[in-house]
Every structure is written in structure tokens, then in C-alpha cells.
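Data file: structure-v8.pdb. Format and content: PDB, C-alpha atoms.
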```pdb
ATOM      1  CA  MET A   1     -80.390  21.916  44.137  1.00  0.00           C
ATOM      2  CA  VAL A   2     -80.510  20.372  40.671  1.00  0.00           C
ATOM      3  CA  GLN A   3     -83.947  20.259  39.131  1.00  0.00           C
ATOM      4  CA  GLU A   4     -85.319  16.859  38.142  1.00  0.00           C
ATOM      5  CA  LEU A   5     -85.876  16.064  34.499  1.00  0.00           C
ATOM      6  CA  THR A   6     -89.052  17.676  33.171  1.00  0.00           C
ATOM      7  CA  LEU A   7     -91.700  16.169  30.927  1.00  0.00           C
ATOM      8  CA  ALA A   8     -90.781  18.664  28.196  1.00  0.00           C
ATOM      9  CA  GLU A   9     -87.164  17.520  28.375  1.00  0.00           C
ATOM     10  CA  ALA A  10     -88.270  13.875  28.309  1.00  0.00           C
ATOM     11  CA  LYS A  11     -90.232  14.548  25.111  1.00  0.00           C
ATOM     12  CA  THR A  12     -87.187  16.163  23.480  1.00  0.00           C
ATOM     13  CA  ILE A  13     -85.047  13.167  24.449  1.00  0.00           C
ATOM     14  CA  LEU A  14     -87.636  10.727  23.080  1.00  0.00           C
ATOM     15  CA  ASP A  15     -87.922  12.723  19.842  1.00  0.00           C
ATOM     16  CA  ALA A  16     -84.158  12.589  19.291  1.00  0.00           C
ATOM     17  CA  ALA A  17     -83.955   8.879  20.095  1.00  0.00           C
ATOM     18  CA  GLU A  18     -86.866   8.138  17.764  1.00  0.00           C
ATOM     19  CA  GLU A  19     -85.285  10.171  14.968  1.00  0.00           C
ATOM     20  CA  LYS A  20     -82.053   8.197  15.357  1.00  0.00           C
ATOM     21  CA  ALA A  21     -83.975   4.912  15.294  1.00  0.00           C
ATOM     22  CA  GLU A  22     -85.680   6.014  12.092  1.00  0.00           C
ATOM     23  CA  ASP A  23     -82.276   6.899  10.594  1.00  0.00           C
ATOM     24  CA  LEU A  24     -81.058   3.419  11.553  1.00  0.00           C
ATOM     25  CA  GLY A  25     -84.188   1.872  10.043  1.00  0.00           C
ATOM     26  CA  VAL A  26     -85.073  -0.012  13.227  1.00  0.00           C
ATOM     27  CA  PRO A  27     -88.295   0.375  15.239  1.00  0.00           C
ATOM     28  CA  LEU A  28     -87.455   0.701  18.927  1.00  0.00           C
ATOM     29  CA  ASN A  29     -89.067   1.028  22.312  1.00  0.00           C
ATOM     30  CA  LEU A  30     -87.827   4.186  24.033  1.00  0.00           C
ATOM     31  CA  ALA A  31     -88.083   5.183  27.684  1.00  0.00           C
ATOM     32  CA  VAL A  32     -87.090   8.139  29.848  1.00  0.00           C
ATOM     33  CA  THR A  33     -87.089   8.097  33.653  1.00  0.00           C
ATOM     34  CA  ASN A  34     -86.430  10.553  36.436  1.00  0.00           C
ATOM     35  CA  SER A  35     -83.390  10.218  38.699  1.00  0.00           C
ATOM     36  CA  GLU A  36     -85.109   7.516  40.759  1.00  0.00           C
ATOM     37  CA  GLY A  37     -85.911   5.380  37.717  1.00  0.00           C
ATOM     38  CA  ASN A  38     -89.605   6.251  37.635  1.00  0.00           C
ATOM     39  CA  LEU A  39     -91.013   6.412  34.116  1.00  0.00           C
ATOM     40  CA  LEU A  40     -91.571   9.917  32.686  1.00  0.00           C
ATOM     41  CA  GLY A  41     -92.142   9.033  29.054  1.00  0.00           C
ATOM     42  CA  PHE A  42     -92.340   5.996  26.821  1.00  0.00           C
ATOM     43  CA  ARG A  43     -92.640   5.468  23.092  1.00  0.00           C
ATOM     44  CA  ARG A  44     -93.168   2.236  21.194  1.00  0.00           C
ATOM     45  CA  MET A  45     -92.472   2.855  17.528  1.00  0.00           C
ATOM     46  CA  ASP A  46     -94.646   1.123  14.944  1.00  0.00           C
ATOM     47  CA  GLY A  47     -93.353  -2.399  14.503  1.00  0.00           C
ATOM     48  CA  ALA A  48     -91.167  -2.373  17.623  1.00  0.00           C
ATOM     49  CA  LYS A  49     -90.815  -5.709  19.384  1.00  0.00           C
ATOM     50  CA  LEU A  50     -93.331  -6.054  22.197  1.00  0.00           C
ATOM     51  CA  VAL A  51     -90.901  -8.009  24.359  1.00  0.00           C
ATOM     52  CA  ALA A  52     -88.482  -5.082  24.242  1.00  0.00           C
ATOM     53  CA  SER A  53     -90.890  -2.554  25.789  1.00  0.00           C
ATOM     54  CA  ASN A  54     -90.109  -3.591  29.370  1.00  0.00           C
ATOM     55  CA  ILE A  55     -86.426  -3.971  28.524  1.00  0.00           C
ATOM     56  CA  ALA A  56     -86.225  -0.330  27.365  1.00  0.00           C
ATOM     57  CA  GLN A  57     -87.864   0.839  30.573  1.00  0.00           C
ATOM     58  CA  ASN A  58     -85.557  -1.360  32.639  1.00  0.00           C
ATOM     59  CA  LYS A  59     -82.481  -0.063  30.820  1.00  0.00           C
ATOM     60  CA  ALA A  60     -83.446   3.488  31.766  1.00  0.00           C
ATOM     61  CA  TYR A  61     -84.261   2.352  35.308  1.00  0.00           C
ATOM     62  CA  THR A  62     -80.891   0.627  35.628  1.00  0.00           C
ATOM     63  CA  ALA A  63     -78.933   3.605  34.296  1.00  0.00           C
ATOM     64  CA  ALA A  64     -80.669   5.856  36.837  1.00  0.00           C
ATOM     65  CA  ALA A  65     -80.279   3.369  39.694  1.00  0.00           C
ATOM     66  CA  VAL A  66     -76.579   2.624  39.221  1.00  0.00           C
ATOM     67  CA  LYS A  67     -75.740   6.049  37.779  1.00  0.00           C
ATOM     68  CA  LYS A  68     -73.807   4.685  34.817  1.00  0.00           C
ATOM     69  CA  PRO A  69     -74.478   3.386  31.302  1.00  0.00           C
ATOM     70  CA  THR A  70     -75.806  -0.168  31.271  1.00  0.00           C
ATOM     71  CA  HIS A  71     -73.083  -1.425  28.911  1.00  0.00           C
ATOM     72  CA  GLU A  72     -70.531  -0.657  31.620  1.00  0.00           C
ATOM     73  CA  LEU A  73     -72.125  -3.352  33.803  1.00  0.00           C
ATOM     74  CA  LYS A  74     -71.644  -6.209  31.341  1.00  0.00           C
ATOM     75  CA  GLU A  75     -68.100  -7.275  32.193  1.00  0.00           C
ATOM     76  CA  GLY A  76     -68.567  -7.288  35.960  1.00  0.00           C
ATOM     77  CA  ALA A  77     -71.864  -9.157  35.693  1.00  0.00           C
ATOM     78  CA  GLU A  78     -70.383 -12.063  33.762  1.00  0.00           C
ATOM     79  CA  PRO A  79     -69.388 -15.298  35.563  1.00  0.00           C
ATOM     80  CA  GLY A  80     -66.401 -14.572  37.780  1.00  0.00           C
ATOM     81  CA  GLY A  81     -67.100 -10.835  37.747  1.00  0.00           C
ATOM     82  CA  ASP A  82     -67.339  -8.660  40.837  1.00  0.00           C
ATOM     83  CA  VAL A  83     -71.111  -8.251  40.455  1.00  0.00           C
ATOM     84  CA  TYR A  84     -71.958 -11.599  38.860  1.00  0.00           C
ATOM     85  CA  GLY A  85     -75.713 -12.120  39.098  1.00  0.00           C
ATOM     86  CA  LEU A  86     -76.493  -8.400  39.293  1.00  0.00           C
ATOM     87  CA  HIS A  87     -79.145  -8.830  36.592  1.00  0.00           C
ATOM     88  CA  THR A  88     -81.128 -11.118  38.921  1.00  0.00           C
ATOM     89  CA  THR A  89     -81.549  -8.425  41.573  1.00  0.00           C
ATOM     90  CA  ASP A  90     -84.251  -5.797  42.050  1.00  0.00           C
ATOM     91  CA  ASN A  91     -87.001  -8.135  40.835  1.00  0.00           C
ATOM     92  CA  GLY A  92     -85.151  -8.712  37.572  1.00  0.00           C
ATOM     93  CA  ARG A  93     -85.193  -5.047  36.548  1.00  0.00           C
ATOM     94  CA  VAL A  94     -81.420  -4.619  36.304  1.00  0.00           C
ATOM     95  CA  VAL A  95     -80.126  -4.785  32.726  1.00  0.00           C
ATOM     96  CA  VAL A  96     -76.437  -5.488  32.146  1.00  0.00           C
ATOM     97  CA  PHE A  97     -76.086  -4.825  28.418  1.00  0.00           C
ATOM     98  CA  GLY A  98     -76.079  -1.670  26.353  1.00  0.00           C
ATOM     99  CA  GLY A  99     -78.889   0.749  25.656  1.00  0.00           C
ATOM    100  CA  GLY A 100     -79.376   2.662  28.914  1.00  0.00           C
ATOM    101  CA  PHE A 101     -77.649   5.957  29.748  1.00  0.00           C
ATOM    102  CA  PRO A 102     -77.961   8.301  32.710  1.00  0.00           C
ATOM    103  CA  LEU A 103     -78.728  11.965  32.102  1.00  0.00           C
ATOM    104  CA  GLU A 104     -76.446  14.241  34.081  1.00  0.00           C
ATOM    105  CA  HIS A 105     -76.514  17.942  34.872  1.00  0.00           C
ATOM    106  CA  ASP A 106     -73.904  19.700  37.034  1.00  0.00           C
ATOM    107  CA  GLY A 107     -72.542  16.332  38.156  1.00  0.00           C
ATOM    108  CA  VAL A 108     -75.935  15.039  39.319  1.00  0.00           C
ATOM    109  CA  ILE A 109     -78.021  12.326  37.656  1.00  0.00           C
ATOM    110  CA  VAL A 110     -81.406  13.883  36.837  1.00  0.00           C
ATOM    111  CA  GLY A 111     -82.841  11.038  34.766  1.00  0.00           C
ATOM    112  CA  ALA A 112     -82.033   8.301  32.286  1.00  0.00           C
ATOM    113  CA  VAL A 113     -82.890   7.079  28.814  1.00  0.00           C
ATOM    114  CA  GLY A 114     -83.241   3.527  27.519  1.00  0.00           C
ATOM    115  CA  ALA A 115     -83.855   1.931  24.133  1.00  0.00           C
ATOM    116  CA  SER A 116     -84.518  -1.666  23.150  1.00  0.00           C
ATOM    117  CA  GLY A 117     -85.650  -3.675  20.155  1.00  0.00           C
ATOM    118  CA  GLY A 118     -82.657  -3.551  17.844  1.00  0.00           C
ATOM    119  CA  ALA A 119     -79.116  -4.805  18.058  1.00  0.00           C
ATOM    120  CA  VAL A 120     -77.420  -3.584  21.233  1.00  0.00           C
ATOM    121  CA  SER A 121     -75.352  -1.129  19.172  1.00  0.00           C
ATOM    122  CA  GLU A 122     -78.552   0.312  17.647  1.00  0.00           C
ATOM    123  CA  ASP A 123     -80.165   0.623  21.076  1.00  0.00           C
ATOM    124  CA  MET A 124     -77.047   2.416  22.326  1.00  0.00           C
ATOM    125  CA  ASP A 125     -76.975   4.767  19.331  1.00  0.00           C
ATOM    126  CA  ALA A 126     -80.614   5.762  19.822  1.00  0.00           C
ATOM    127  CA  SER A 127     -80.179   6.324  23.551  1.00  0.00           C
ATOM    128  CA  GLN A 128     -76.996   8.317  22.946  1.00  0.00           C
ATOM    129  CA  ALA A 129     -78.962  10.557  20.572  1.00  0.00           C
ATOM    130  CA  GLY A 130     -81.338  11.219  23.467  1.00  0.00           C
ATOM    131  CA  VAL A 131     -78.412  12.093  25.732  1.00  0.00           C
ATOM    132  CA  ASP A 132     -77.003  14.415  23.076  1.00  0.00           C
ATOM    133  CA  ALA A 133     -80.375  16.174  22.753  1.00  0.00           C
ATOM    134  CA  PHE A 134     -80.599  16.660  26.519  1.00  0.00           C
ATOM    135  CA  GLU A 135     -77.194  18.234  27.077  1.00  0.00           C
ATOM    136  CA  PRO A 136     -77.938  21.623  25.417  1.00  0.00           C
ATOM    137  CA  LEU A 137     -81.279  21.943  27.267  1.00  0.00           C
ATOM    138  CA  ARG A 138     -79.576  22.928  30.524  1.00  0.00           C
TER     139      ARG A 138
END
```
If you convert what's in this file into C-alpha cells, what do you get?
Amino acid sequence: MVQELTLAEAKTILDAAEEKAEDLGVPLNLAVTNSEGNLLGFRRMDGAKLVASNIAQNKAYTAAAVKKPTHELKEGAEPGGDVYGLHTTDNGRVVVFGGGFPLEHDGVIVGAVGASGGAVSEDMDASQAGVDAFEPLR
């Protein structure tokens, strides 16, 4: 059985994502969830957009729920796509643009990370830094 993401691991992921956001010069909202999308840790950097706090949490939730990065949902969720309207499901929590990544260990999703408040590429870079910090922990 694969162990769920721990609070200590969530803090390490948040630290790495925050450091990347600082390097990018953009204040972000950062979230880490367990494998079921339940919030384990959240950080709102000084000056981060308030509206983006829920988006960061929902990006992490989405990545955990669908077990893939949120940017991979964009094409299929557009008009004419196989999952058009996906973003309107689950009480509006599903995010179909970049910034959420699942955290995997031994082929099992154990959690997810999400970032929001910058350009999508900045959100993705910060979340990816969190993923990169998680990988050597296990």
C-alpha cells in the first residue's frame, strides 16, 4: 500500500513552489492536496491575487481527481472536444488550464499541487517545482 502524502511533504512542496514563484517575481497562491483532493496545505504569498486562492486549490483538486496535469484537459474541454463542459462539473471545481499537477509514487497518485495568480506558464512552473521537490522524498 502506498502511503498518502504527509504534512511534512506538503510543506516541502509548498516551500519549493514558493521559492520558484519568488524567482519568477510573481506572488502566487499555492495548494497541496491528498490523493482525494482534500486540502493538506495552502499558502497565499504577500500580494497574491485573492481571486486566485480558490483557483489554486481547485487546480490541485482537479489534478488529484482526474490523475493528470490540468493543462492536459484544455484541448478536450474546448468546444467540440470530447469532454466539452468538463469545467462546469463537480460544482465548478474542475479547472481545465495549467497549474495543477498530480504527485505520483510507485505509479499511484498520492496527492497534487496547484498554483494560481500569475500567467498560466508561471503557475505551471511553480507547481512543477513542487513536483520536483517531492520526487526525491520517496
Discussion item. If the PyMOL selection byres ((chain A and resi 5-20) around 8) were run on this exact file, what residues would it hold? Put them as an MDAnalysis selection string.
Written reply: chainID A and resid 3:4 21:24 28 30:35 40:43 45 110:111 113 125:131 133:134 137
Discussion item. Here is a test: counting only C-alpha atoms, which residue of A:Gly81, A:Ala56, A:Val66, A:Val94 is nearest to Val120 (chain A)?
Written reply: A:Ala56
Worksheet entry | Separation of CA of Thr89 (chain A) from CA of Ala112 (chain A), in Å and rounded to one decimal | 19.1 Å
Worksheet item: In Å, how far is it from CA of Val95 (chain A) to CA of Val26 (chain A)?
Response: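 We find that CA of Val95 (chain A) and CA of Val26 (chain A) lie 20.7 Å from each other.
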Fill in: Atomic distance CA of Glu78 (chain A) - CA of Phe97 (chain A), expressed in Å with one decimal
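These two atoms are separated by 10.7 Å.
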Discussion item. Here's the selection I'm unsure about, the PyMOL selection byres ((chain A and resi 90) around 12); applied to the file above, which residues does it give, as a list in words?
Written reply: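 That selection, the PyMOL selection byres ((chain A and resi 90) around 12), comes back as Asn58, Tyr61, Thr62, Ala65, Val66, Gly85, Leu86, His87, Thr88, Thr89, Asn91, Gly92, Arg93, Val94 and Val95 of chain A.
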Discussion item. Using only C-alpha atoms, which protein or nucleic acid residues come within 8 Å of Pro27 (chain A)? Drop anything in the same chain fewer than 5 positions from it, and give the result as a ChimeraX atom specification.
Written reply: /A:21-22,44-49,117-118
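Comparing A:Val96, A:Gly25, A:Ile55, A:Tyr84 by their smallest distance to Lys68 (chain A), the closest is A:Val96 (using all atoms listed in the file).
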